[in-house]
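Visitor: Dropping a structure here in structure tokens format, bear with me for questions.
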There are 2 protein chains.
Amino acid sequence: MKIEDEIKQSAFKNEYQKAYINLLFTSGYLQQAQAALFKPFSVTLPQYNILRILRGQHPKPATISLLIDRMLDKTSNASRIVDKLEAKELVTRKQCPADRRTVDVLITDKGLELLKQMDGMEGGKGIGITNLTEDEATQLNTLLDKIRD
Amino acid sequence: MKIEDEIKQSAFKNEYQKAYINLLFTSGYLQQAQAALFKPFSVTLPQYNILRILRGQHPKPATISLLIDRMLDKTSNASRIVDKLEAKELVTRKQCPADRRTVDVLITDKGLELLKQMDGMEGGKGIGITNLTEDEATQLNTLLDKIRD
DNA sequence: GTACATTAAATGTATGTACATATATTTGCA
DNA sequence: TGCAAATATATGTACATACATTTAATGTAC
């Protein structure tokens with residue numbers, strides 16, 4: 001659907017303003033769609049992202065710093081997201097003996113099992129991005145990279 | 001910058017997954033940039049969006065329902081955002097006599113004055129979207145609309 | 001005209017974001 | 001060695017999101 005109709009704003013100042021709003025809106029749209037897919041698993045998007053990073057490290061532990069470094073949103077609060085995951089027994093956290101400032105975060109078997117169940121719904125598959133052809137996806141990547149230059 | 005370098009993930013499964021992550025990441029990037037621009041004015045992005053809608057209506061009032069309808073993110077909580085704006089005296093809120101369930105929300109002179117000061121920084125001008133040519137912005141709009149089909 | 005459904009808005013709760021600050025530990029340098 | 005700076009994480013606060021529930025007013029069917 002055209003962005004004009006989605007937000008009921010008939011006119012934009014120019015293509016740039018329109019593209020800007022469109023980008024924010026589409027991102028929100030995809031995030032909501034994904035959150036809906038995740039709901040049955042009782043895991044939020046940021047929690048899922050942390051779990052994925054931990055699986056990537058497994059069986060090595062990750063520190064909170066490493067998680068922050070790899071997260072999409074650098075400014076979010078990894079400590080508290082790990083709190084939630086720990087409460088669900090999807091990760092463990094223990095002080096690292098080598099450097100007692102840092103904490104070793106490890107995904108549990110239960111966490112790995114959950115991710116296994118969720119595999120196949122990642123990457124927005126079937127949500128909307130696959131409405132594009134592969135060429136168009138490549139085009140989109142080029143445009144987005146240019147925006148962040 | 002290429003998305004691979006931004007999030008230190010070397011390989012994506014395919015162009016779709018990459019485009020998906022890229023879209024979410026770029027949206028976050030733009031929102032953070034805009035939040036930084038807004039900070040001196042002590043207004044958050046959703047608060048600003050509500051003010052813009054109210055200016056569009058001025059001098060007619062808007063109901064909360066109308067605000068929800070026009071907001072980019074439909075599921076957010078317009079009532080509480082209006083609370084914050086009311087506390088800053090940027091809007092007024094009073095029960096509508098015709099239908100006492102509804103509330104007339106009006107932008108104040110102070111609110112209009114604030115928007116006037118902020119005009120010119122909207123639409124991501126100078127933030128990144130203008131790294132594109134006008135043709136590229138049009139292309140981007142087409143791709144994004146297709147994602148939400 | 002009373003009862004029930006619908007609508008508009010507000011409120012409650014859990015989660016996350018953004019940013020400042022606190023606390024503990026380690027590092028580095030005089 | 002001793003002490004300040006840097007680092008790793010946690011915590012506090014304000015704001016927003018997501019979703020369920022509540023409250024009040026209106027509409028509708030009988």
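Letters for chains follow the order of the structure tokens (A, B, ...), residue numbers begin at 1 for each chain, and ligand numbers begin at 1 in the order shown.
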List the neighbours of D:DT23 out to 10 Å using only C-alpha atoms (C1' of nucleotides); skip same-chain residues closer than 2 positions along the sequence, and give me the result as a ChimeraX atom specification.
Guide: /C:9-11 /D:21,25
Visitor: Could the residues in this selection be written to a file with all heavy atoms, as a CSV table (one decimal), in the first residue's frame?
Guide:
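Dumped everything to again10.csv:
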```csv
chain,number,residue,atom,x,y,z
C,9,DA,P,-11.5,9.8,22.0
C,9,DA,OP1,-11.5,11.3,21.9
C,9,DA,OP2,-10.8,9.0,21.0
C,9,DA,O5',-10.9,9.4,23.5
C,9,DA,C5',-11.5,10.1,24.6
C,9,DA,C4',-11.0,9.4,25.9
C,9,DA,O4',-11.4,8.0,25.8
C,9,DA,C3',-9.5,9.5,26.1
C,9,DA,O3',-9.4,10.4,27.2
C,9,DA,C2',-9.2,8.0,26.5
C,9,DA,C1',-10.5,7.3,26.7
C,9,DA,N9,-10.5,5.9,26.3
C,9,DA,C8,-10.3,5.4,25.1
C,9,DA,N7,-10.4,4.1,25.0
C,9,DA,C5,-10.7,3.7,26.3
C,9,DA,C6,-10.9,2.5,26.9
C,9,DA,N6,-10.8,1.3,26.3
C,9,DA,N1,-11.1,2.5,28.3
C,9,DA,C2,-11.2,3.6,28.9
C,9,DA,N3,-11.0,4.9,28.5
C,9,DA,C4,-10.7,4.9,27.1
C,10,DA,P,-7.9,10.6,27.9
C,10,DA,OP1,-8.0,12.0,28.5
C,10,DA,OP2,-6.9,10.3,26.9
C,10,DA,O5',-7.9,9.5,29.0
C,10,DA,C5',-9.0,9.5,30.0
C,10,DA,C4',-8.7,8.4,31.0
C,10,DA,O4',-8.9,7.1,30.4
C,10,DA,C3',-7.3,8.4,31.6
C,10,DA,O3',-7.5,8.2,33.0
C,10,DA,C2',-6.6,7.2,31.0
C,10,DA,C1',-7.8,6.3,30.7
C,10,DA,N9,-7.7,5.3,29.6
C,10,DA,C8,-7.3,5.6,28.3
C,10,DA,N7,-7.3,4.5,27.6
C,10,DA,C5,-7.6,3.5,28.4
C,10,DA,C6,-7.7,2.1,28.2
C,10,DA,N6,-7.5,1.5,27.0
C,10,DA,N1,-8.0,1.3,29.2
C,10,DA,C2,-8.2,1.9,30.4
C,10,DA,N3,-8.2,3.2,30.8
C,10,DA,C4,-7.8,3.9,29.7
C,11,DT,P,-6.3,8.3,34.1
C,11,DT,OP1,-6.9,8.8,35.3
C,11,DT,OP2,-5.2,8.9,33.4
C,11,DT,O5',-6.0,6.7,34.3
C,11,DT,C5',-7.0,5.9,34.8
C,11,DT,C4',-6.5,4.5,34.9
C,11,DT,O4',-6.4,3.9,33.6
C,11,DT,C3',-5.1,4.3,35.6
C,11,DT,O3',-5.2,3.4,36.6
C,11,DT,C2',-4.2,3.8,34.4
C,11,DT,C1',-5.3,3.1,33.6
C,11,DT,N1,-5.0,2.9,32.1
C,11,DT,C2,-5.1,1.7,31.6
C,11,DT,O2,-5.4,0.7,32.2
C,11,DT,N3,-4.8,1.6,30.2
C,11,DT,C4,-4.4,2.6,29.4
C,11,DT,O4,-4.2,2.4,28.2
C,11,DT,C5,-4.3,3.9,30.0
C,11,DT,C7,-3.9,5.1,29.2
C,11,DT,C6,-4.6,4.0,31.3
D,21,DT,P,-7.7,-9.2,30.2
D,21,DT,OP1,-7.7,-10.3,31.2
D,21,DT,OP2,-8.5,-9.3,29.0
D,21,DT,O5',-8.1,-7.9,31.0
D,21,DT,C5',-7.3,-7.4,32.1
D,21,DT,C4',-7.8,-6.1,32.6
D,21,DT,O4',-7.5,-5.1,31.6
D,21,DT,C3',-9.3,-6.1,32.8
D,21,DT,O3',-9.5,-5.7,34.1
D,21,DT,C2',-9.8,-5.1,31.8
D,21,DT,C1',-8.6,-4.2,31.6
D,21,DT,N1,-8.5,-3.4,30.4
D,21,DT,C2,-8.4,-2.0,30.4
D,21,DT,O2,-8.3,-1.4,31.5
D,21,DT,N3,-8.3,-1.4,29.2
D,21,DT,C4,-8.4,-2.0,28.0
D,21,DT,O4,-8.3,-1.3,27.0
D,21,DT,C5,-8.6,-3.4,28.0
D,21,DT,C7,-8.7,-4.1,26.7
D,21,DT,C6,-8.6,-4.0,29.1
D,25,DA,P,-20.3,9.8,32.3
D,25,DA,OP1,-20.2,11.2,32.5
D,25,DA,OP2,-21.3,9.0,33.1
D,25,DA,O5',-20.5,9.4,30.8
D,25,DA,C5',-19.6,10.0,29.8
D,25,DA,C4',-20.1,9.5,28.5
D,25,DA,O4',-19.9,8.1,28.4
D,25,DA,C3',-21.5,9.8,28.1
D,25,DA,O3',-21.6,10.5,26.9
D,25,DA,C2',-22.2,8.5,28.1
D,25,DA,C1',-21.0,7.5,27.7
D,25,DA,N9,-21.1,6.2,28.2
D,25,DA,C8,-21.4,5.8,29.5
D,25,DA,N7,-21.4,4.5,29.6
D,25,DA,C5,-21.1,4.0,28.4
D,25,DA,C6,-21.0,2.7,27.8
D,25,DA,N6,-21.1,1.6,28.6
D,25,DA,N1,-20.8,2.6,26.5
D,25,DA,C2,-20.7,3.7,25.8
D,25,DA,N3,-20.7,4.9,26.2
D,25,DA,C4,-21.0,5.0,27.5
```
Visitor: Stretch 25-34 of chain A: which residues within 9 Å, counting only C-alpha atoms (C1' of nucleotides), same-chain residues fewer than 4 positions away excluded, as number ranges by chain?
Guide: A: 3, 6-7, 20-21, 38-39, 45, 121-122, 124, 127-129; B: 20, 23-28, 72-73, 144-145, 147-148
Visitor: With DSSP run on the backbone, what are the strand (DSSP E) residues within chain A? I'd like them as a PyMOL selection string.
Guide: chain A and resi 91-95+103-107
Visitor: Only residues of chain B matter here; which ones have an atom within 10 Å of chain C, counting only C-alpha atoms (C1' of nucleotides)? Give them as a PDB file with all heavy atoms, in the first residue's frame.
Guide:
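Result file follows (iface_21.pdb):
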```pdb
ATOM      1  N   GLN B  32      17.572   7.747  15.934  1.00  0.00           N
ATOM      2  CA  GLN B  32      18.506   8.259  16.933  1.00  0.00           C
ATOM      3  C   GLN B  32      19.031   9.631  16.525  1.00  0.00           C
ATOM      4  O   GLN B  32      19.170  10.521  17.354  1.00  0.00           O
ATOM      5  CB  GLN B  32      19.670   7.295  17.114  1.00  0.00           C
ATOM      6  CG  GLN B  32      19.375   6.250  18.165  1.00  0.00           C
ATOM      7  CD  GLN B  32      20.614   5.437  18.493  1.00  0.00           C
ATOM      8  OE1 GLN B  32      20.702   4.287  18.084  1.00  0.00           O
ATOM      9  NE2 GLN B  32      21.557   6.046  19.189  1.00  0.00           N
ATOM     10  N   ALA B  35      16.270  12.085  17.188  1.00  0.00           N
ATOM     11  CA  ALA B  35      16.093  12.318  18.620  1.00  0.00           C
ATOM     12  C   ALA B  35      17.155  13.296  19.133  1.00  0.00           C
ATOM     13  O   ALA B  35      16.867  14.161  19.960  1.00  0.00           O
ATOM     14  CB  ALA B  35      16.157  10.998  19.385  1.00  0.00           C
ATOM     15  N   THR B  63      -9.650  14.650  18.410  1.00  0.00           N
ATOM     16  CA  THR B  63      -9.916  13.683  19.471  1.00  0.00           C
ATOM     17  C   THR B  63      -8.709  12.752  19.573  1.00  0.00           C
ATOM     18  O   THR B  63      -7.865  12.716  18.683  1.00  0.00           O
ATOM     19  CB  THR B  63     -11.162  12.841  19.154  1.00  0.00           C
ATOM     20  OG1 THR B  63     -10.905  12.115  17.947  1.00  0.00           O
ATOM     21  CG2 THR B  63     -12.376  13.715  18.986  1.00  0.00           C
ATOM     22  N   ILE B  64      -8.672  11.991  20.645  1.00  0.00           N
ATOM     23  CA  ILE B  64      -7.604  11.000  20.807  1.00  0.00           C
ATOM     24  C   ILE B  64      -7.667   9.965  19.680  1.00  0.00           C
ATOM     25  O   ILE B  64      -6.651   9.566  19.125  1.00  0.00           O
ATOM     26  CB  ILE B  64      -7.731  10.296  22.178  1.00  0.00           C
ATOM     27  CG1 ILE B  64      -7.608  11.312  23.326  1.00  0.00           C
ATOM     28  CG2 ILE B  64      -6.706   9.193  22.314  1.00  0.00           C
ATOM     29  CD1 ILE B  64      -6.228  11.794  23.605  1.00  0.00           C
ATOM     30  N   SER B  65      -8.875   9.573  19.318  1.00  0.00           N
ATOM     31  CA  SER B  65      -9.038   8.600  18.233  1.00  0.00           C
ATOM     32  C   SER B  65      -8.403   9.091  16.942  1.00  0.00           C
ATOM     33  O   SER B  65      -7.743   8.333  16.233  1.00  0.00           O
ATOM     34  CB  SER B  65     -10.518   8.327  17.966  1.00  0.00           C
ATOM     35  OG  SER B  65     -11.160   7.943  19.141  1.00  0.00           O
ATOM     36  N   ALA B  78      -1.620   7.169  22.785  1.00  0.00           N
ATOM     37  CA  ALA B  78      -1.803   8.595  22.558  1.00  0.00           C
ATOM     38  C   ALA B  78      -2.189   9.327  23.839  1.00  0.00           C
ATOM     39  O   ALA B  78      -1.705  10.439  24.080  1.00  0.00           O
ATOM     40  CB  ALA B  78      -2.858   8.817  21.481  1.00  0.00           C
ATOM     41  N   SER B  79      -3.027   8.709  24.661  1.00  0.00           N
ATOM     42  CA  SER B  79      -3.452   9.352  25.906  1.00  0.00           C
ATOM     43  C   SER B  79      -2.264   9.847  26.721  1.00  0.00           C
ATOM     44  O   SER B  79      -2.219  10.994  27.152  1.00  0.00           O
ATOM     45  CB  SER B  79      -4.214   8.360  26.787  1.00  0.00           C
ATOM     46  OG  SER B  79      -5.575   8.355  26.494  1.00  0.00           O
ATOM     47  N   ARG B  80      -1.293   8.956  26.897  1.00  0.00           N
ATOM     48  CA  ARG B  80      -0.177   9.320  27.776  1.00  0.00           C
ATOM     49  C   ARG B  80       0.795  10.285  27.138  1.00  0.00           C
ATOM     50  O   ARG B  80       1.450  11.062  27.829  1.00  0.00           O
ATOM     51  CB  ARG B  80       0.526   8.064  28.277  1.00  0.00           C
ATOM     52  CG  ARG B  80      -0.196   7.533  29.524  1.00  0.00           C
ATOM     53  CD  ARG B  80       0.483   6.346  30.120  1.00  0.00           C
ATOM     54  NE  ARG B  80       0.088   5.144  29.409  1.00  0.00           N
ATOM     55  CZ  ARG B  80      -0.323   4.022  30.004  1.00  0.00           C
ATOM     56  NH1 ARG B  80      -0.387   3.951  31.305  1.00  0.00           N
ATOM     57  NH2 ARG B  80      -0.663   2.984  29.304  1.00  0.00           N
ATOM     58  N   ASP B  99     -20.176  14.955  22.547  1.00  0.00           N
ATOM     59  CA  ASP B  99     -20.036  13.544  22.923  1.00  0.00           C
ATOM     60  C   ASP B  99     -19.077  13.489  24.103  1.00  0.00           C
ATOM     61  O   ASP B  99     -17.876  13.610  23.941  1.00  0.00           O
ATOM     62  CB  ASP B  99     -19.495  12.743  21.736  1.00  0.00           C
ATOM     63  CG  ASP B  99     -19.403  11.250  22.069  1.00  0.00           C
ATOM     64  OD1 ASP B  99     -19.399  10.910  23.272  1.00  0.00           O
ATOM     65  OD2 ASP B  99     -19.331  10.443  21.133  1.00  0.00           O
ATOM     66  N   ARG B 100     -19.647  13.280  25.265  1.00  0.00           N
ATOM     67  CA  ARG B 100     -18.835  13.422  26.467  1.00  0.00           C
ATOM     68  C   ARG B 100     -17.850  12.275  26.675  1.00  0.00           C
ATOM     69  O   ARG B 100     -17.062  12.297  27.610  1.00  0.00           O
ATOM     70  CB  ARG B 100     -19.746  13.590  27.693  1.00  0.00           C
ATOM     71  CG  ARG B 100     -20.297  15.021  27.803  1.00  0.00           C
ATOM     72  CD  ARG B 100     -21.117  15.190  29.046  1.00  0.00           C
ATOM     73  NE  ARG B 100     -22.222  14.241  29.087  1.00  0.00           N
ATOM     74  CZ  ARG B 100     -22.987  14.023  30.150  1.00  0.00           C
ATOM     75  NH1 ARG B 100     -22.762  14.696  31.270  1.00  0.00           N
ATOM     76  NH2 ARG B 100     -23.964  13.151  30.106  1.00  0.00           N
ATOM     77  N   ARG B 101     -17.890  11.284  25.782  1.00  0.00           N
ATOM     78  CA  ARG B 101     -16.850  10.265  25.841  1.00  0.00           C
ATOM     79  C   ARG B 101     -15.540  10.805  25.269  1.00  0.00           C
ATOM     80  O   ARG B 101     -14.455  10.381  25.642  1.00  0.00           O
ATOM     81  CB  ARG B 101     -17.259   9.046  25.007  1.00  0.00           C
ATOM     82  CG  ARG B 101     -18.293   8.194  25.642  1.00  0.00           C
ATOM     83  CD  ARG B 101     -18.759   7.152  24.655  1.00  0.00           C
ATOM     84  NE  ARG B 101     -19.228   7.752  23.402  1.00  0.00           N
ATOM     85  CZ  ARG B 101     -19.685   7.053  22.373  1.00  0.00           C
ATOM     86  NH1 ARG B 101     -19.727   5.746  22.422  1.00  0.00           N
ATOM     87  NH2 ARG B 101     -20.101   7.667  21.287  1.00  0.00           N
ATOM     88  N   THR B 102     -15.664  11.701  24.323  1.00  0.00           N
ATOM     89  CA  THR B 102     -14.471  12.151  23.606  1.00  0.00           C
ATOM     90  C   THR B 102     -13.881  13.413  24.220  1.00  0.00           C
ATOM     91  O   THR B 102     -14.515  14.099  25.010  1.00  0.00           O
ATOM     92  CB  THR B 102     -14.781  12.415  22.116  1.00  0.00           C
ATOM     93  OG1 THR B 102     -15.583  13.586  22.023  1.00  0.00           O
ATOM     94  CG2 THR B 102     -15.492  11.250  21.490  1.00  0.00           C
ATOM     95  N   VAL B 103     -12.660  13.679  23.818  1.00  0.00           N
ATOM     96  CA  VAL B 103     -11.895  14.778  24.396  1.00  0.00           C
ATOM     97  C   VAL B 103     -11.377  15.639  23.250  1.00  0.00           C
ATOM     98  O   VAL B 103     -10.897  15.119  22.250  1.00  0.00           O
ATOM     99  CB  VAL B 103     -10.719  14.206  25.214  1.00  0.00           C
ATOM    100  CG1 VAL B 103      -9.687  15.273  25.484  1.00  0.00           C
ATOM    101  CG2 VAL B 103     -11.220  13.585  26.504  1.00  0.00           C
TER     102      VAL B 103
END
```
Visitor: Find the spatial neighbours of B:Ser76, counting only C-alpha atoms (C1' of nucleotides), within a cut-off of 8 Å - ignore same-chain residues fewer than 3 positions away - and output them as a PDB file with all heavy atoms, in the first residue's frame.
Guide:
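So the final result, stored in result.pdb, reads:
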```pdb
ATOM      1  N   ILE B  68      -4.636   8.771  17.167  1.00  0.00           N
ATOM      2  CA  ILE B  68      -4.200   7.382  16.980  1.00  0.00           C
ATOM      3  C   ILE B  68      -4.254   7.023  15.501  1.00  0.00           C
ATOM      4  O   ILE B  68      -3.342   6.415  14.954  1.00  0.00           O
ATOM      5  CB  ILE B  68      -5.094   6.423  17.791  1.00  0.00           C
ATOM      6  CG1 ILE B  68      -4.871   6.649  19.293  1.00  0.00           C
ATOM      7  CG2 ILE B  68      -4.822   4.975  17.414  1.00  0.00           C
ATOM      8  CD1 ILE B  68      -5.836   5.890  20.184  1.00  0.00           C
ATOM      9  N   ASP B  73       2.745   5.055  14.478  1.00  0.00           N
ATOM     10  CA  ASP B  73       2.615   3.808  15.202  1.00  0.00           C
ATOM     11  C   ASP B  73       1.253   3.742  15.888  1.00  0.00           C
ATOM     12  O   ASP B  73       1.033   4.350  16.924  1.00  0.00           O
ATOM     13  CB  ASP B  73       3.729   3.684  16.233  1.00  0.00           C
ATOM     14  CG  ASP B  73       3.754   2.287  16.802  1.00  0.00           C
ATOM     15  OD1 ASP B  73       2.722   1.593  16.712  1.00  0.00           O
ATOM     16  OD2 ASP B  73       4.791   1.891  17.331  1.00  0.00           O
TER      17      ASP B  73
ATOM     18  P    DA D  16       7.299  10.343  25.477  1.00  0.00           P
ATOM     19  OP1  DA D  16       7.539  11.218  24.327  1.00  0.00           O
ATOM     20  OP2  DA D  16       6.146  10.564  26.375  1.00  0.00           O
ATOM     21  O5'  DA D  16       7.231   8.844  24.951  1.00  0.00           O
ATOM     22  C5'  DA D  16       8.292   8.365  24.135  1.00  0.00           C
ATOM     23  C4'  DA D  16       8.113   6.876  23.889  1.00  0.00           C
ATOM     24  O4'  DA D  16       8.337   6.174  25.120  1.00  0.00           O
ATOM     25  C3'  DA D  16       6.725   6.475  23.399  1.00  0.00           C
ATOM     26  O3'  DA D  16       6.870   5.851  22.143  1.00  0.00           O
ATOM     27  C2'  DA D  16       6.199   5.522  24.482  1.00  0.00           C
ATOM     28  C1'  DA D  16       7.488   5.054  25.148  1.00  0.00           C
ATOM     29  N9   DA D  16       7.320   4.682  26.553  1.00  0.00           N
ATOM     30  C8   DA D  16       6.929   5.492  27.580  1.00  0.00           C
ATOM     31  N7   DA D  16       6.866   4.874  28.740  1.00  0.00           N
ATOM     32  C5   DA D  16       7.236   3.565  28.449  1.00  0.00           C
ATOM     33  C6   DA D  16       7.367   2.416  29.239  1.00  0.00           C
ATOM     34  N6   DA D  16       7.119   2.389  30.553  1.00  0.00           N
ATOM     35  N1   DA D  16       7.758   1.276  28.620  1.00  0.00           N
ATOM     36  C2   DA D  16       8.001   1.313  27.298  1.00  0.00           C
ATOM     37  N3   DA D  16       7.914   2.326  26.451  1.00  0.00           N
ATOM     38  C4   DA D  16       7.526   3.432  27.098  1.00  0.00           C
ATOM     39  P    DT D  17       5.648   5.196  21.402  1.00  0.00           P
ATOM     40  OP1  DT D  17       5.941   5.303  19.967  1.00  0.00           O
ATOM     41  OP2  DT D  17       4.401   5.729  21.964  1.00  0.00           O
ATOM     42  O5'  DT D  17       5.755   3.661  21.816  1.00  0.00           O
ATOM     43  C5'  DT D  17       6.931   2.939  21.480  1.00  0.00           C
ATOM     44  C4'  DT D  17       6.724   1.476  21.803  1.00  0.00           C
ATOM     45  O4'  DT D  17       6.596   1.312  23.232  1.00  0.00           O
ATOM     46  C3'  DT D  17       5.469   0.866  21.182  1.00  0.00           C
ATOM     47  O3'  DT D  17       5.842  -0.431  20.737  1.00  0.00           O
ATOM     48  C2'  DT D  17       4.491   0.820  22.356  1.00  0.00           C
ATOM     49  C1'  DT D  17       5.441   0.549  23.515  1.00  0.00           C
ATOM     50  N1   DT D  17       5.017   0.971  24.868  1.00  0.00           N
ATOM     51  C2   DT D  17       5.086   0.045  25.873  1.00  0.00           C
ATOM     52  O2   DT D  17       5.442  -1.099  25.686  1.00  0.00           O
ATOM     53  N3   DT D  17       4.716   0.504  27.112  1.00  0.00           N
ATOM     54  C4   DT D  17       4.307   1.773  27.444  1.00  0.00           C
ATOM     55  O4   DT D  17       4.013   2.061  28.591  1.00  0.00           O
ATOM     56  C5   DT D  17       4.253   2.704  26.351  1.00  0.00           C
ATOM     57  C7   DT D  17       3.825   4.106  26.599  1.00  0.00           C
ATOM     58  C6   DT D  17       4.612   2.266  25.127  1.00  0.00           C
ATOM     59  P    DA D  18       4.880  -1.200  19.665  1.00  0.00           P
ATOM     60  OP1  DA D  18       5.764  -1.960  18.756  1.00  0.00           O
ATOM     61  OP2  DA D  18       3.877  -0.252  19.136  1.00  0.00           O
ATOM     62  O5'  DA D  18       4.112  -2.240  20.599  1.00  0.00           O
ATOM     63  C5'  DA D  18       4.851  -3.260  21.244  1.00  0.00           C
ATOM     64  C4'  DA D  18       3.923  -4.021  22.146  1.00  0.00           C
ATOM     65  O4'  DA D  18       3.693  -3.288  23.365  1.00  0.00           O
ATOM     66  C3'  DA D  18       2.538  -4.290  21.550  1.00  0.00           C
ATOM     67  O3'  DA D  18       2.315  -5.680  21.676  1.00  0.00           O
ATOM     68  C2'  DA D  18       1.591  -3.456  22.397  1.00  0.00           C
ATOM     69  C1'  DA D  18       2.337  -3.413  23.725  1.00  0.00           C
ATOM     70  N9   DA D  18       2.043  -2.273  24.589  1.00  0.00           N
ATOM     71  C8   DA D  18       1.849  -0.967  24.234  1.00  0.00           C
ATOM     72  N7   DA D  18       1.626  -0.160  25.248  1.00  0.00           N
ATOM     73  C5   DA D  18       1.691  -0.994  26.348  1.00  0.00           C
ATOM     74  C6   DA D  18       1.550  -0.757  27.717  1.00  0.00           C
ATOM     75  N6   DA D  18       1.302   0.441  28.240  1.00  0.00           N
ATOM     76  N1   DA D  18       1.670  -1.813  28.556  1.00  0.00           N
ATOM     77  C2   DA D  18       1.923  -3.020  28.030  1.00  0.00           C
ATOM     78  N3   DA D  18       2.072  -3.370  26.766  1.00  0.00           N
ATOM     79  C4   DA D  18       1.946  -2.297  25.963  1.00  0.00           C
TER      80       DA D  18
END
```
Visitor: Could you list, as a compact mmCIF listing (two decimals) with N, CA, C and O atoms, in the first residue's frame, every residue within 12 Å of A:Gln57, counting only C-alpha atoms (C1' of nucleotides) and ignoring same-chain residues fewer than 2 positions away?
Guide:
```txt
# COMPACT_ATOMS: atom_id res chain seq x y z
N ILE A 50 19.60 -11.26 21.46
CA ILE A 50 20.65 -11.64 22.41
C ILE A 50 20.88 -13.16 22.37
O ILE A 50 22.02 -13.63 22.34
N LEU A 51 19.79 -13.90 22.35
CA LEU A 51 19.92 -15.36 22.30
C LEU A 51 20.69 -15.81 21.05
O LEU A 51 21.54 -16.70 21.12
N ARG A 52 20.40 -15.17 19.93
CA ARG A 52 21.10 -15.52 18.69
C ARG A 52 22.59 -15.27 18.79
O ARG A 52 23.41 -16.07 18.35
N ILE A 53 22.94 -14.14 19.38
CA ILE A 53 24.36 -13.83 19.55
C ILE A 53 25.02 -14.89 20.44
O ILE A 53 26.11 -15.38 20.14
N LEU A 54 24.31 -15.27 21.51
CA LEU A 54 24.86 -16.27 22.43
C LEU A 54 25.02 -17.62 21.75
O LEU A 54 26.00 -18.34 21.99
N ARG A 55 24.09 -17.97 20.90
CA ARG A 55 24.23 -19.23 20.17
C ARG A 55 25.45 -19.17 19.25
O ARG A 55 26.17 -20.15 19.09
N PRO A 59 30.06 -22.98 22.37
CA PRO A 59 29.90 -23.05 23.83
C PRO A 59 30.72 -22.02 24.61
O PRO A 59 30.79 -22.11 25.82
N LYS A 60 31.31 -21.06 23.91
CA LYS A 60 32.03 -20.02 24.64
C LYS A 60 31.03 -19.05 25.23
O LYS A 60 29.97 -18.82 24.66
N PRO A 61 31.34 -18.45 26.38
CA PRO A 61 30.44 -17.46 26.97
C PRO A 61 30.65 -16.10 26.30
O PRO A 61 31.64 -15.89 25.59
N ALA A 62 29.72 -15.21 26.50
CA ALA A 62 29.87 -13.85 26.02
C ALA A 62 29.80 -12.90 27.22
O ALA A 62 29.09 -13.18 28.18
N THR A 63 30.53 -11.82 27.16
CA THR A 63 30.38 -10.79 28.19
C THR A 63 29.27 -9.84 27.77
O THR A 63 28.83 -9.85 26.61
N LEU A 66 30.38 -7.66 24.91
CA LEU A 66 30.30 -8.27 23.59
C LEU A 66 28.87 -8.21 23.07
O LEU A 66 28.64 -7.92 21.89
N LEU A 67 27.91 -8.45 23.95
CA LEU A 67 26.51 -8.39 23.52
C LEU A 67 26.16 -7.00 23.02
O LEU A 67 25.55 -6.84 21.96
N ARG A 70 27.46 -6.31 19.59
CA ARG A 70 26.84 -7.01 18.45
C ARG A 70 25.36 -6.66 18.27
O ARG A 70 24.76 -7.04 17.27
N ASP A 104 30.26 -13.77 32.61
CA ASP A 104 30.11 -14.74 31.53
C ASP A 104 28.64 -15.09 31.35
O ASP A 104 28.02 -15.64 32.26
N VAL A 105 28.13 -14.78 30.18
CA VAL A 105 26.74 -15.11 29.88
C VAL A 105 26.75 -16.29 28.91
O VAL A 105 27.44 -16.26 27.90
N LEU A 106 25.98 -17.31 29.26
CA LEU A 106 25.94 -18.53 28.45
C LEU A 106 24.50 -18.92 28.15
O LEU A 106 23.64 -18.83 29.02
N ILE A 107 24.26 -19.34 26.93
CA ILE A 107 22.93 -19.83 26.61
C ILE A 107 22.77 -21.24 27.17
O ILE A 107 23.70 -22.04 27.14
N LEU A 112 18.85 -22.98 23.76
CA LEU A 112 19.17 -23.54 22.44
C LEU A 112 17.96 -24.23 21.83
O LEU A 112 17.68 -24.08 20.64
```
Visitor: With DSSP run on the backbone, what are the alpha helix (DSSP H) residues within stretch 40-135 of chain A? I'd like them as a VMD selection string.
Guide: chain A and resid 45 to 57 64 to 70 78 to 87 109 to 118 134 to 135
Visitor: Compile the residues of chain D that lie within 12 Å of chain A, evaluated using only C-alpha atoms (C1' of nucleotides), and express the compilation as a ChimeraX atom specification.
Guide: /D:7-11,17-19
Visitor: Could you check how far atom CA of A:Lys18 sits from atom CA of B:Asn141, in Å to one decimal?
Guide: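 Distance reported for this atom pair: 7.4 Å.
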Visitor: Kindly give the distance, in Å, that separates atom CA of B:Glu134 and atom CA of A:Glu15, rounded to a single decimal.
Guide: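 So the answer is 6.5 Å.
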Visitor: Between atom CA of B:Glu136 and atom CA of A:Leu143, what is the spacing in Å?
Guide: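 For atom CA of A:Leu143 relative to atom CA of B:Glu136, the distance reads 7.2 Å.
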